[in-house]
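Each remark here refers to the structure printed beneath this line.
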Amino acid sequence: MGSFTVGISDLKVCKSPDVLVTYALGSCVGICMRDELSGVGGLSHIMLPDSTQSANGKDMPMRFADTAIPMLIDKMVALGARRANLKAKIAGGAVMFATTNDRFNIGERNIAAVTDALKKAGIPIVAKDVGLNYGRTVFFYPETGIMEVKAAAKGTTQL
């Protein structure tokens, strides 16, 4: 069993029993996907919602929800997943800084962009731990489909 770390603006795919982990999800969102039948899993750590709003969006597709999610799906299919079997779990999207300006609420915008991209791809979100005001670390186990969310403020939950 291997453990693979997914950095910020990164994504990785694996087959069970390997484990995927990402740290420091503040306003970022972690997207865990799994095909139960093939044992293929994937994890993307997106930082921003929309690549079209950035001058270098095309150069950094793993940074944005609208480009990273299709890329994750493609990599999972290439490893043997069936697109029709994919299910997602998401975590993160916290409001890390108090602000009265919604434009700066990147966490909420990231959650909305991830939800939208998954809906467009036809992939259901079966569990989520999003929003609020604290950071999270995610361990994803494609073998069981468990997304373990650790937060200093809240302890550990399994979804």
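Residue numbering restarts at 1 for every chain of the structure tokens, chains are lettered A, B, ... in their displayed order, and ligands are numbered from 1 as they appear.
Once Leu37 (chain A) and its same-chain neighbours fewer than 6 positions away are set aside, A:Ala81, A:Arg82, A:Asn85 remain within 9 Å of it when counting only C-alpha atoms.
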Export of prior selection with all heavy atoms as a short mmCIF file (atom, residue, chain, number, x, y, z; two decimals), in the first residue's frame:
data_model
loop_
_atom_site.label_atom_id
_atom_site.label_comp_id
_atom_site.auth_asym_id
_atom_site.auth_seq_id
_atom_site.Cartn_x
_atom_site.Cartn_y
_atom_site.Cartn_z
N ALA A 81 -10.93 3.38 -14.53
CA ALA A 81 -12.25 3.71 -13.98
C ALA A 81 -13.27 3.84 -15.11
O ALA A 81 -12.91 4.17 -16.24
CB ALA A 81 -12.18 5.02 -13.20
N ARG A 82 -14.53 3.58 -14.79
CA ARG A 82 -15.62 3.86 -15.73
C ARG A 82 -16.28 5.15 -15.26
O ARG A 82 -16.70 5.25 -14.11
CB ARG A 82 -16.64 2.72 -15.74
CG ARG A 82 -16.11 1.50 -16.46
CD ARG A 82 -17.19 0.50 -16.87
NE ARG A 82 -18.19 1.13 -17.71
CZ ARG A 82 -19.51 1.01 -17.49
NH1 ARG A 82 -19.97 0.32 -16.48
NH2 ARG A 82 -20.37 1.61 -18.30
N ASN A 85 -19.42 5.16 -13.24
CA ASN A 85 -19.37 4.64 -11.87
C ASN A 85 -18.83 5.65 -10.86
O ASN A 85 -18.83 5.38 -9.67
CB ASN A 85 -18.46 3.40 -11.80
CG ASN A 85 -19.01 2.24 -12.60
OD1 ASN A 85 -20.18 2.19 -12.92
ND2 ASN A 85 -18.14 1.31 -12.94
#
Sorted by chain and rising residue number, which residues of region 16-132 of chain A lie within 12 Å of region 140-157 of chain A, and what are their closest atom pairs and distances in Å to one decimal, counting only C-alpha atoms, as a tab-separated table?
residue	atom	partner	partner_atom	distance
A:Ser16	CA	A:Glu143	CA	4.6
A:Pro17	CA	A:Glu143	CA	5.4
A:Asp18	CA	A:Tyr141	CA	7.0
A:Val19	CA	A:Tyr141	CA	5.1
A:Leu20	CA	A:Phe140	CA	5.1
A:Val21	CA	A:Phe140	CA	6.1
A:Thr22	CA	A:Phe140	CA	8.7
A:Tyr23	CA	A:Lys150	CA	9.4
A:Ala24	CA	A:Ala151	CA	9.5
A:Leu25	CA	A:Ala151	CA	9.6
A:Gly26	CA	A:Ala151	CA	10.4
A:Gly30	CA	A:Phe140	CA	10.0
A:Ile31	CA	A:Phe140	CA	9.7
A:Cys32	CA	A:Phe140	CA	6.8
A:Met33	CA	A:Pro142	CA	8.1
A:Arg34	CA	A:Pro142	CA	6.0
A:Asp35	CA	A:Pro142	CA	8.0
A:Glu36	CA	A:Gly145	CA	7.4
A:Leu37	CA	A:Glu143	CA	9.7
A:Ser38	CA	A:Glu143	CA	9.5
A:Gly39	CA	A:Glu143	CA	5.9
A:Val40	CA	A:Pro142	CA	6.4
A:Gly41	CA	A:Pro142	CA	4.9
A:Gly42	CA	A:Pro142	CA	7.8
A:Leu43	CA	A:Phe140	CA	7.6
A:Ser44	CA	A:Phe140	CA	10.9
A:Met76	CA	A:Pro142	CA	11.7
A:Ala81	CA	A:Pro142	CA	11.5
A:Leu86	CA	A:Gly145	CA	11.0
A:Lys87	CA	A:Gly145	CA	9.3
A:Ala88	CA	A:Gly145	CA	9.4
A:Lys89	CA	A:Met147	CA	7.2
A:Ile90	CA	A:Met147	CA	8.6
A:Ala91	CA	A:Val149	CA	7.6
A:Gly92	CA	A:Val149	CA	9.3
A:Ala94	CA	A:Ala151	CA	11.5
A:Val126	CA	A:Gly145	CA	10.5
A:Ala127	CA	A:Met147	CA	8.7
A:Lys128	CA	A:Met147	CA	9.2
A:Asp129	CA	A:Val149	CA	7.8
A:Val130	CA	A:Val149	CA	10.4
A:Leu132	CA	A:Ala153	CA	10.8
(message) Please extract the residues of region 77-120 of chain A with a backbone DSSP assignment of strand (DSSP E) and present them as a list in words.
(response)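 Output for region 77-120 of chain A, strand (DSSP E) only: Leu86, Lys87, Ala88, Lys89, Ile90, Ala91 and Gly92 of chain A.
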(request) Excluding region 48-59 of chain A and any residue of its chain fewer than 6 positions from it, enumerate the residues within 6 Å of it, using only C-alpha atoms, and give them as a list of chain:residue names. (result)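 Using only C-alpha atoms, the neighbours found are A:Ala65, A:Asp66, A:Asn110, A:Ala113.
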Would you save the residues of that selection, restricted to C-alpha atoms, as a CSV table (one decimal), in the first residue's frame?
chain,number,residue,atom,x,y,z
A,65,ALA,CA,-12.2,23.8,-10.4
A,66,ASP,CA,-13.4,24.1,-13.9
A,110,ASN,CA,-14.8,27.3,-4.8
A,113,ALA,CA,-17.5,26.0,-8.8
(message) Would you compute the distance between CA of Val95 (chain A) and CA of Asn133 (chain A)? Give it in Å to one decimal.
(response) 4.9 Å
(request) Figure out the distance between CA of Gly93 (chain A) and CA of Cys28 (chain A), please, to one decimal in Å. (result)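 About the pair CA of Cys28 (chain A) and CA of Gly93 (chain A): they are 5.3 Å apart.
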(request) Name the residues of region 31-158 of chain A that come out as alpha helix (DSSP H) in a backbone DSSP run; write them as a PyMOL selection string. (result) chain A and resi 65-78+106-121
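The gap separating CA of Gly131 (chain A) from CA of Glu108 (chain A) is 6.9 Å, in Å to one decimal.
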